[in-house]
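Asker: Sending over a structure as structure tokens; questions will come in a sec.
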Amino acid sequence: MTAITCNPTPLESGDRMSREEFHRRYRERPDIKKAELVEGVVYVASPVRLNQHGRPHALIIGWLSTYLIAHSGPEVADNSTIIFDDGNEFQPDAILFRIGPNASATIGEDDYLHGPPELVVEVAGSSLAYDLHDKKRAYERHGVAEYVVWEIEGNTVRWFRLEGGKYREVAPDADGIVESAQFPGLRLDVPAILAGDRQRVAAAIR
């Protein structure tokens, strides 16, 4: 008996397609753990390195989760799909968002987030080229109020705030702290998180 070989649906970085086509192909590829459509272009993530992504990602999730212990209402999510328009379907590293009548995003019947969450965080190693360019422009255009990018190679954190429809970069204060305009009390001790000091990161939150 001749074996029948099923070829997997192709989905490769650099492909251009509609969001509907991208979503269909992505769902047919359980072997691909993370792929995004940014301004109509496919980006398939490379294997995740520990120090380049895994540890910083865990620190960000810990920071946001610590905030939720004392602040009811917002929700945090890790690597969850966000659908914006026909050319953009993202899977950001972390998001903090509200649920309810005053929220800027909604959870659809498909269990995906539709529209802009209030705050998005990306850990940018190999993804830096599009995290700070095409993806940043898409977040800006769709109204993500705050966008935080941890640049691994430069060991810096950049915090962007939407003002008048455009992102303005917010510098830390004299103590190295940046506070969210969307979530009062969500304060990030930038030197502490860059040093991996969880205690200081947690202590900065009010």
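Letters A, B, ... go to the chains of the structure tokens in the order shown; residues in each chain start at 1; ligands are counted from 1 in the same order.
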Please, which residues in range 57-88 of chain A fall within 12 Å of range 26-39 of chain A when counting only C-alpha atoms, and what is the closest atom pair and distance in Å to one decimal for each, ordered by chain then residue number, as JSON lines?

Answerer:
```
{"residue": "A:Asp78", "atom": "CA", "partner": "A:Lys34", "partner_atom": "CA", "distance": 11.9}
{"residue": "A:Asn79", "atom": "CA", "partner": "A:Lys34", "partner_atom": "CA", "distance": 8.3}
{"residue": "A:Ser80", "atom": "CA", "partner": "A:Lys34", "partner_atom": "CA", "distance": 9.9}
{"residue": "A:Thr81", "atom": "CA", "partner": "A:Glu36", "partner_atom": "CA", "distance": 8.7}
{"residue": "A:Ile82", "atom": "CA", "partner": "A:Glu36", "partner_atom": "CA", "distance": 9.6}
{"residue": "A:Ile83", "atom": "CA", "partner": "A:Leu37", "partner_atom": "CA", "distance": 9.6}
{"residue": "A:Phe84", "atom": "CA", "partner": "A:Val38", "partner_atom": "CA", "distance": 10.0}
{"residue": "A:Asp85", "atom": "CA", "partner": "A:Glu39", "partner_atom": "CA", "distance": 9.2}
{"residue": "A:Asp86", "atom": "CA", "partner": "A:Glu39", "partner_atom": "CA", "distance": 8.6}
{"residue": "A:Gly87", "atom": "CA", "partner": "A:Glu39", "partner_atom": "CA", "distance": 4.9}
{"residue": "A:Asn88", "atom": "CA", "partner": "A:Val38", "partner_atom": "CA", "distance": 4.9}
```

Asker: Restricting it to N, CA and C atoms, dump the selection as a compact mmCIF listing (two decimals), in the first residue's frame.

Answerer:
```txt
# COMPACT_ATOMS: atom_id res chain seq x y z
N ASP A 78 -1.00 36.69 27.81
CA ASP A 78 0.32 36.33 27.32
C ASP A 78 0.18 35.66 25.95
N ASN A 79 0.79 36.27 24.91
CA ASN A 79 0.80 35.67 23.57
C ASN A 79 -0.60 35.37 23.03
N SER A 80 -1.51 36.29 23.23
CA SER A 80 -2.88 36.11 22.75
C SER A 80 -3.09 36.88 21.44
N THR A 81 -3.85 36.28 20.54
CA THR A 81 -4.08 36.88 19.23
C THR A 81 -4.97 38.12 19.32
N ILE A 82 -4.55 39.17 18.63
CA ILE A 82 -5.35 40.40 18.49
C ILE A 82 -5.63 40.61 17.01
N ILE A 83 -6.88 40.83 16.67
CA ILE A 83 -7.28 41.09 15.30
C ILE A 83 -7.60 42.57 15.14
N PHE A 84 -6.91 43.23 14.21
CA PHE A 84 -7.11 44.65 13.98
C PHE A 84 -7.89 44.92 12.69
N ASP A 85 -7.35 44.49 11.56
CA ASP A 85 -8.00 44.74 10.27
C ASP A 85 -7.56 43.66 9.30
N ASP A 86 -7.82 43.85 8.03
CA ASP A 86 -7.55 42.79 7.06
C ASP A 86 -6.06 42.53 6.85
N GLY A 87 -5.21 43.45 7.30
CA GLY A 87 -3.77 43.25 7.10
C GLY A 87 -2.99 43.04 8.36
N ASN A 88 -3.67 42.97 9.52
CA ASN A 88 -2.94 42.91 10.78
C ASN A 88 -3.60 41.98 11.79
```

Asker: Would you please give, as a PyMOL selection string, all residues of range 68-168 of chain A that DSSP assigns to strand (DSSP E) based on the backbone?

Answerer: chain A and resi 75-78+82-85+88-90+94-97+106-107+113-114+119-124+146-151+156-163+166-168

Asker: Of the candidates A:Val121, A:Asp197, A:Gly108, A:Gly14, which one gets nearest to Ile95 in chain A if we count only C-alpha atoms?

Answerer: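 Among the listed residues, the smallest separation from Ile95 in chain A belongs to A:Val121.
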
Asker: If you count only C-alpha atoms, which residues fall within 8 Å of range 59-66 of chain A, apart from same-chain ones fewer than 3 positions away, as an MDAnalysis selection string?

Answerer: chainID A and resid 55:56 69:70 76 78 94 96 121 186 188 193 196 198 201:202 205

Asker: Skipping near chain neighbours, those fewer than 5 positions away, what residues fall within 12 Å of Leu119 in chain A using only C-alpha atoms, listed as number ranges by chain?

Answerer: A: 64, 74-77, 92-98, 103-105, 139-140, 143-149, 159-162, 179-183, 186

Asker: So how many Å separate CA of Arg200 in chain A and CA of Leu68 in chain A, to one decimal?

Answerer: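 The value is 16.7 Å.
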
Asker: Where does DSSP see helix (DSSP H, G or I) in chain A, if you list the residues as a PyMOL selection string?

Answerer: chain A and resi 19-27+50-70+128-131+134-142+190-194+198-203
